[in-house]
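The next block is input05.cif, given as mmCIF, C-alpha atoms; chains and numbers go by the auth columns.
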```
data_structure
#
loop_
_atom_site.group_PDB
_atom_site.id
_atom_site.type_symbol
_atom_site.label_atom_id
_atom_site.label_comp_id
_atom_site.label_asym_id
_atom_site.label_seq_id
_atom_site.Cartn_x
_atom_site.Cartn_y
_atom_site.Cartn_z
_atom_site.B_iso_or_equiv
_atom_site.auth_seq_id
_atom_site.auth_asym_id
ATOM 1 C CA MET A 1 34.387 -23.869 32.968 0.00 1 A
ATOM 2 C CA THR A 2 30.727 -22.868 32.845 0.00 2 A
ATOM 3 C CA ALA A 3 27.915 -25.010 31.484 0.00 3 A
ATOM 4 C CA THR A 4 27.813 -22.888 28.346 0.00 4 A
ATOM 5 C CA GLU A 5 31.513 -23.408 27.672 0.00 5 A
ATOM 6 C CA GLU A 6 31.268 -27.175 28.151 0.00 6 A
ATOM 7 C CA ASN A 7 28.123 -27.549 26.056 0.00 7 A
ATOM 8 C CA PRO A 8 27.316 -24.764 23.596 0.00 8 A
ATOM 9 C CA ILE A 9 23.639 -25.780 23.510 0.00 9 A
ATOM 10 C CA VAL A 10 22.270 -25.211 26.975 0.00 10 A
ATOM 11 C CA PRO A 11 18.559 -25.839 27.648 0.00 11 A
ATOM 12 C CA ARG A 12 16.503 -22.827 28.752 0.00 12 A
ATOM 13 C CA ASP A 13 13.413 -22.642 30.881 0.00 13 A
ATOM 14 C CA GLY A 14 13.340 -26.343 31.757 0.00 14 A
ATOM 15 C CA GLN A 15 13.700 -27.606 28.192 0.00 15 A
ATOM 16 C CA ASP A 16 15.828 -30.672 27.624 0.00 16 A
ATOM 17 C CA GLY A 17 17.905 -29.419 24.701 0.00 17 A
ATOM 18 C CA PRO A 18 17.574 -29.365 20.927 0.00 18 A
ATOM 19 C CA GLY A 19 15.106 -32.257 20.644 0.00 19 A
ATOM 20 C CA ALA A 20 12.753 -30.923 23.317 0.00 20 A
ATOM 21 C CA GLY A 21 10.469 -29.150 20.890 0.00 21 A
ATOM 22 C CA GLY A 22 12.048 -25.716 21.339 0.00 22 A
ATOM 23 C CA PRO A 23 14.629 -23.927 19.238 0.00 23 A
ATOM 24 C CA ALA A 24 18.224 -24.734 20.039 0.00 24 A
ATOM 25 C CA GLU A 25 20.595 -22.030 21.148 0.00 25 A
ATOM 26 C CA PRO A 26 23.326 -21.228 18.614 0.00 26 A
ATOM 27 C CA ALA A 27 26.784 -22.507 19.447 0.00 27 A
ATOM 28 C CA ALA A 28 28.957 -20.205 21.519 0.00 28 A
ATOM 29 C CA GLY A 29 30.834 -17.851 19.247 0.00 29 A
ATOM 30 C CA ALA A 30 28.626 -18.648 16.230 0.00 30 A
ATOM 31 C CA LYS A 31 27.957 -15.596 14.119 0.00 31 A
ATOM 32 C CA ARG A 32 25.559 -14.842 11.308 0.00 32 A
ATOM 33 C CA THR A 33 27.046 -14.836 7.866 0.00 33 A
ATOM 34 C CA ARG A 34 27.731 -11.222 6.962 0.00 34 A
ATOM 35 C CA LEU A 35 26.090 -10.273 3.694 0.00 35 A
ATOM 36 C CA ILE A 36 27.174 -6.650 3.715 0.00 36 A
ATOM 37 C CA SER A 37 30.869 -7.026 3.234 0.00 37 A
ATOM 38 C CA GLY A 38 32.558 -5.996 0.011 0.00 38 A
ATOM 39 C CA PRO A 39 30.028 -5.665 -2.829 0.00 39 A
ATOM 40 C CA GLY A 40 27.215 -6.351 -0.353 0.00 40 A
ATOM 41 C CA ILE A 41 27.648 -2.820 1.009 0.00 41 A
ATOM 42 C CA LEU A 42 27.018 -1.397 -2.465 0.00 42 A
ATOM 43 C CA LEU A 43 23.932 -3.613 -2.837 0.00 43 A
ATOM 44 C CA VAL A 44 22.511 -2.372 0.473 0.00 44 A
ATOM 45 C CA TRP A 45 23.142 1.214 -0.561 0.00 45 A
ATOM 46 C CA LEU A 46 21.526 0.741 -3.999 0.00 46 A
ATOM 47 C CA TYR A 47 18.551 -1.129 -2.575 0.00 47 A
ATOM 48 C CA GLY A 48 18.170 1.616 0.040 0.00 48 A
ATOM 49 C CA VAL A 49 18.062 4.257 -2.705 0.00 49 A
ATOM 50 C CA MET A 50 15.495 2.177 -4.596 0.00 50 A
ATOM 51 C CA VAL A 51 13.358 1.836 -1.448 0.00 51 A
ATOM 52 C CA VAL A 52 13.279 5.603 -1.004 0.00 52 A
ATOM 53 C CA GLY A 53 12.604 6.204 -4.701 0.00 53 A
ATOM 54 C CA ALA A 54 9.868 3.607 -5.143 0.00 54 A
ATOM 55 C CA VAL A 55 8.084 4.177 -1.837 0.00 55 A
ATOM 56 C CA SER A 56 8.121 7.966 -2.040 0.00 56 A
ATOM 57 C CA ARG A 57 7.055 7.948 -5.684 0.00 57 A
ATOM 58 C CA SER A 58 4.181 5.546 -5.061 0.00 58 A
ATOM 59 C CA ALA A 59 3.085 7.320 -1.863 0.00 59 A
ATOM 60 C CA VAL A 60 2.770 10.636 -3.669 0.00 60 A
ATOM 61 C CA GLN A 61 1.079 9.107 -6.701 0.00 61 A
ATOM 62 C CA ILE A 62 -1.336 6.975 -4.681 0.00 62 A
ATOM 63 C CA SER A 63 -2.308 9.871 -2.426 0.00 63 A
ATOM 64 C CA THR A 64 -2.745 12.450 -5.190 0.00 64 A
ATOM 65 C CA GLN A 65 -3.765 10.695 -8.408 0.00 65 A
ATOM 66 C CA PHE A 66 -4.569 7.047 -7.708 0.00 66 A
ATOM 67 C CA ASP A 67 -7.569 7.042 -10.063 0.00 67 A
ATOM 68 C CA LYS A 68 -5.303 7.935 -13.029 0.00 68 A
ATOM 69 C CA ALA A 69 -3.272 4.678 -12.992 0.00 69 A
ATOM 70 C CA PRO A 70 -4.078 2.461 -9.991 0.00 70 A
ATOM 71 C CA LEU A 71 -2.231 -0.589 -11.356 0.00 71 A
ATOM 72 C CA ALA A 72 0.976 1.317 -12.084 0.00 72 A
ATOM 73 C CA TYR A 73 1.036 3.070 -8.723 0.00 73 A
ATOM 74 C CA SER A 74 0.222 -0.128 -6.835 0.00 74 A
ATOM 75 C CA LEU A 75 3.016 -1.972 -8.626 0.00 75 A
ATOM 76 C CA SER A 76 5.450 0.802 -7.673 0.00 76 A
ATOM 77 C CA ALA A 77 4.396 0.403 -4.042 0.00 77 A
ATOM 78 C CA VAL A 78 4.913 -3.376 -4.252 0.00 78 A
ATOM 79 C CA ALA A 79 8.355 -2.775 -5.766 0.00 79 A
ATOM 80 C CA GLY A 80 9.212 -0.494 -2.839 0.00 80 A
ATOM 81 C CA LEU A 81 8.145 -3.160 -0.328 0.00 81 A
ATOM 82 C CA VAL A 82 10.197 -5.816 -2.119 0.00 82 A
ATOM 83 C CA TYR A 83 13.232 -3.507 -2.136 0.00 83 A
ATOM 84 C CA GLY A 84 12.722 -2.822 1.557 0.00 84 A
ATOM 85 C CA PHE A 85 12.559 -6.512 2.448 0.00 85 A
ATOM 86 C CA ILE A 86 15.697 -7.286 0.437 0.00 86 A
ATOM 87 C CA THR A 87 17.540 -4.399 2.108 0.00 87 A
ATOM 88 C CA TYR A 88 16.485 -5.648 5.541 0.00 88 A
ATOM 89 C CA SER A 89 17.550 -9.219 4.717 0.00 89 A
ATOM 90 C CA LEU A 90 20.964 -8.110 3.492 0.00 90 A
ATOM 91 C CA VAL A 91 21.563 -6.060 6.628 0.00 91 A
ATOM 92 C CA ARG A 92 20.271 -8.804 8.943 0.00 92 A
ATOM 93 C CA GLY A 93 22.579 -11.451 7.539 0.00 93 A
ATOM 94 C CA GLY A 94 22.570 -15.148 8.241 0.00 94 A
ATOM 95 C CA GLU A 95 21.642 -18.115 6.103 0.00 95 A
ATOM 96 C CA THR A 96 17.863 -17.719 6.478 0.00 96 A
ATOM 97 C CA ALA A 97 18.018 -14.036 5.523 0.00 97 A
ATOM 98 C CA ARG A 98 20.301 -14.882 2.595 0.00 98 A
ATOM 99 C CA ARG A 99 17.821 -17.445 1.284 0.00 99 A
ATOM 100 C CA ALA A 100 14.873 -15.072 1.782 0.00 100 A
ATOM 101 C CA ALA A 101 16.724 -12.294 -0.045 0.00 101 A
ATOM 102 C CA LEU A 102 17.587 -14.686 -2.868 0.00 102 A
ATOM 103 C CA VAL A 103 13.926 -15.687 -3.282 0.00 103 A
ATOM 104 C CA CYS A 104 12.849 -12.030 -3.185 0.00 104 A
ATOM 105 C CA CYS A 105 15.472 -11.071 -5.766 0.00 105 A
ATOM 106 C CA ALA A 106 14.195 -13.825 -8.067 0.00 106 A
ATOM 107 C CA ALA A 107 10.623 -12.570 -7.561 0.00 107 A
ATOM 108 C CA GLU A 108 11.805 -9.008 -8.187 0.00 108 A
ATOM 109 C CA LEU A 109 13.506 -10.047 -11.426 0.00 109 A
ATOM 110 C CA ALA A 110 10.382 -11.916 -12.528 0.00 110 A
ATOM 111 C CA GLY A 111 8.293 -8.817 -11.747 0.00 111 A
ATOM 112 C CA VAL A 112 10.621 -6.550 -13.711 0.00 112 A
ATOM 113 C CA LEU A 113 10.557 -8.892 -16.704 0.00 113 A
ATOM 114 C CA VAL A 114 6.781 -9.383 -16.626 0.00 114 A
ATOM 115 C CA VAL A 115 5.919 -5.712 -16.076 0.00 115 A
ATOM 116 C CA GLY A 116 8.623 -4.559 -18.494 0.00 116 A
ATOM 117 C CA THR A 117 7.304 -6.835 -21.230 0.00 117 A
ATOM 118 C CA TRP A 118 3.694 -5.940 -20.418 0.00 118 A
ATOM 119 C CA THR A 119 4.393 -2.200 -20.683 0.00 119 A
ATOM 120 C CA LEU A 120 5.993 -2.717 -24.092 0.00 120 A
ATOM 121 C CA ALA A 121 3.328 -5.113 -25.390 0.00 121 A
ATOM 122 C CA GLU A 122 0.299 -3.171 -24.119 0.00 122 A
ATOM 123 C CA PRO A 123 1.241 0.417 -23.230 0.00 123 A
ATOM 124 C CA SER A 124 -2.422 1.388 -22.820 0.00 124 A
ATOM 125 C CA ALA A 125 -2.588 -0.765 -19.665 0.00 125 A
ATOM 126 C CA PHE A 126 -0.155 1.643 -18.010 0.00 126 A
ATOM 127 C CA PRO A 127 -1.192 5.279 -18.464 0.00 127 A
ATOM 128 C CA ASP A 128 1.715 6.201 -16.184 0.00 128 A
ATOM 129 C CA ALA A 129 5.054 4.485 -15.615 0.00 129 A
ATOM 130 C CA THR A 130 5.927 2.133 -12.787 0.00 130 A
ATOM 131 C CA VAL A 131 9.360 1.547 -11.300 0.00 131 A
ATOM 132 C CA TRP A 132 9.565 -1.606 -13.440 0.00 132 A
ATOM 133 C CA SER A 133 8.129 -0.116 -16.684 0.00 133 A
ATOM 134 C CA ASP A 134 10.256 -0.733 -19.765 0.00 134 A
ATOM 135 C CA TYR A 135 12.550 -2.887 -17.617 0.00 135 A
ATOM 136 C CA GLY A 136 13.331 0.045 -15.336 0.00 136 A
ATOM 137 C CA MET A 137 14.362 2.481 -18.062 0.00 137 A
ATOM 138 C CA GLY A 138 13.216 5.433 -15.945 0.00 138 A
ATOM 139 C CA TYR A 139 15.645 4.272 -13.244 0.00 139 A
ATOM 140 C CA LEU A 140 18.606 3.694 -15.610 0.00 140 A
ATOM 141 C CA PHE A 141 17.764 -0.033 -15.860 0.00 141 A
ATOM 142 C CA ILE A 142 18.812 -0.498 -12.236 0.00 142 A
ATOM 143 C CA PRO A 143 15.609 -2.507 -11.513 0.00 143 A
ATOM 144 C CA VAL A 144 16.696 -5.220 -13.955 0.00 144 A
ATOM 145 C CA LEU A 145 20.423 -5.135 -13.168 0.00 145 A
ATOM 146 C CA LEU A 146 20.121 -4.984 -9.378 0.00 146 A
ATOM 147 C CA PRO A 147 18.409 -8.364 -8.793 0.00 147 A
ATOM 148 C CA LEU A 148 20.864 -10.061 -11.160 0.00 148 A
ATOM 149 C CA SER A 149 23.801 -8.588 -9.248 0.00 149 A
ATOM 150 C CA ALA A 150 22.229 -9.375 -5.890 0.00 150 A
ATOM 151 C CA MET A 151 21.481 -12.993 -6.829 0.00 151 A
ATOM 152 C CA TYR A 152 25.086 -13.441 -7.967 0.00 152 A
ATOM 153 C CA TRP A 153 26.369 -11.934 -4.712 0.00 153 A
ATOM 154 C CA LEU A 154 23.980 -13.960 -2.544 0.00 154 A
ATOM 155 C CA ARG A 155 24.952 -17.217 -4.256 0.00 155 A
ATOM 156 C CA LYS A 156 28.637 -16.325 -3.895 0.00 156 A
ATOM 157 C CA ALA A 157 28.076 -15.486 -0.202 0.00 157 A
ATOM 158 C CA ARG A 158 26.650 -18.981 0.284 0.00 158 A
ATOM 159 C CA THR A 159 29.690 -20.689 -1.214 0.00 159 A
ATOM 160 C CA THR A 160 32.024 -18.462 0.789 0.00 160 A
ATOM 161 C CA ALA A 161 30.243 -19.264 4.065 0.00 161 A
ATOM 162 C CA ALA A 162 30.104 -23.024 3.409 0.00 162 A
#
```
structure tokens encoding of this file:
Amino acid sequence: MTATEENPIVPRDGQDGPGAGGPAEPAAGAKRTRLISGPGILLVWLYGVMVVGAVSRSAVQISTQFDKAPLAYSLSAVAGLVYGFITYSLVRGGETARRAALVCCAAELAGVLVVGTWTLAEPSAFPDATVWSDYGMGYLFIPVLLPLSAMYWLRKARTTAA
């Protein structure tokens, strides 16, 4: 039996183990919780489509007509970054990535609700639409439905892994 098989946490580079101030090695055979099984695959695909849509839309609008609606185009770019981070977290897997994705999905939902309400209450503030305008109506309401679905899946993935 090797040292790793006897003790799954083997010190590296002269460290004395988990309490030595350095990160502990994961136990032998420990795997990250998969977040892209079952419905998670559909979430990754949908978030990937939203990344492409939001980032490409905002890149074109920012580079060609930023002075027309800087707030709207900047918010679309932020939406694209949020979608990208959530996609990355889902693919990465693990408990830390699951928690980060859950927080980002909550922030995304808050953004959709705030921007959606703002665009309805004061349309003059948005001379052009954002990804989250009118609660994502231009994207078939996917921006408001996607974070709800993702948060449900991420919470379910936690209970399944526990």
Around the point (21.6, -0.3, 0.2), in the coordinates given by the file, pick out the residues reaching within 12 Å, counting only C-alpha atoms, and return them as a JSON list (two decimals) with C-alpha atoms, in the coordinates of the input.
```json
[["chain", "number", "residue", "atom", "x", "y", "z"],
["A", 35, "LEU", "CA", 26.09, -10.27, 3.69],
["A", 36, "ILE", "CA", 27.17, -6.65, 3.72],
["A", 37, "SER", "CA", 30.87, -7.03, 3.23],
["A", 39, "PRO", "CA", 30.03, -5.66, -2.83],
["A", 40, "GLY", "CA", 27.22, -6.35, -0.35],
["A", 41, "ILE", "CA", 27.65, -2.82, 1.01],
["A", 42, "LEU", "CA", 27.02, -1.40, -2.46],
["A", 43, "LEU", "CA", 23.93, -3.61, -2.84],
["A", 44, "VAL", "CA", 22.51, -2.37, 0.47],
["A", 45, "TRP", "CA", 23.14, 1.21, -0.56],
["A", 46, "LEU", "CA", 21.53, 0.74, -4.00],
["A", 47, "TYR", "CA", 18.55, -1.13, -2.58],
["A", 48, "GLY", "CA", 18.17, 1.62, 0.04],
["A", 49, "VAL", "CA", 18.06, 4.26, -2.70],
["A", 50, "MET", "CA", 15.50, 2.18, -4.60],
["A", 51, "VAL", "CA", 13.36, 1.84, -1.45],
["A", 52, "VAL", "CA", 13.28, 5.60, -1.00],
["A", 83, "TYR", "CA", 13.23, -3.51, -2.14],
["A", 84, "GLY", "CA", 12.72, -2.82, 1.56],
["A", 85, "PHE", "CA", 12.56, -6.51, 2.45],
["A", 86, "ILE", "CA", 15.70, -7.29, 0.44],
["A", 87, "THR", "CA", 17.54, -4.40, 2.11],
["A", 88, "TYR", "CA", 16.48, -5.65, 5.54],
["A", 89, "SER", "CA", 17.55, -9.22, 4.72],
["A", 90, "LEU", "CA", 20.96, -8.11, 3.49],
["A", 91, "VAL", "CA", 21.56, -6.06, 6.63],
["A", 146, "LEU", "CA", 20.12, -4.98, -9.38],
["A", 150, "ALA", "CA", 22.23, -9.38, -5.89]]
```
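Distances to Ser56 (chain A) were evaluated for A:Ala125, A:Ala107, A:Ala101, A:Val131 using all atoms listed in the file, and the minimum falls at A:Val131.
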Report as a PyMOL selection string the full result of the PyMOL selection byres ((chain A and resi 60-72) around 7) when it is applied to this structure.
chain A and resi 56-59+73-76+126-130
Name the residues in contact with Pro143 (chain A) at a cut-off of 8 Å, using only C-alpha atoms, excluding same-chain residues fewer than 6 positions from it; report them as number ranges by chain.
A: 109, 112, 131-132, 135-136
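Among the candidates A:Ala79, A:Ala100, A:Val115, A:Val55, the one nearest to Asp134 (chain A) when counting all atoms listed in the file is A:Val115.
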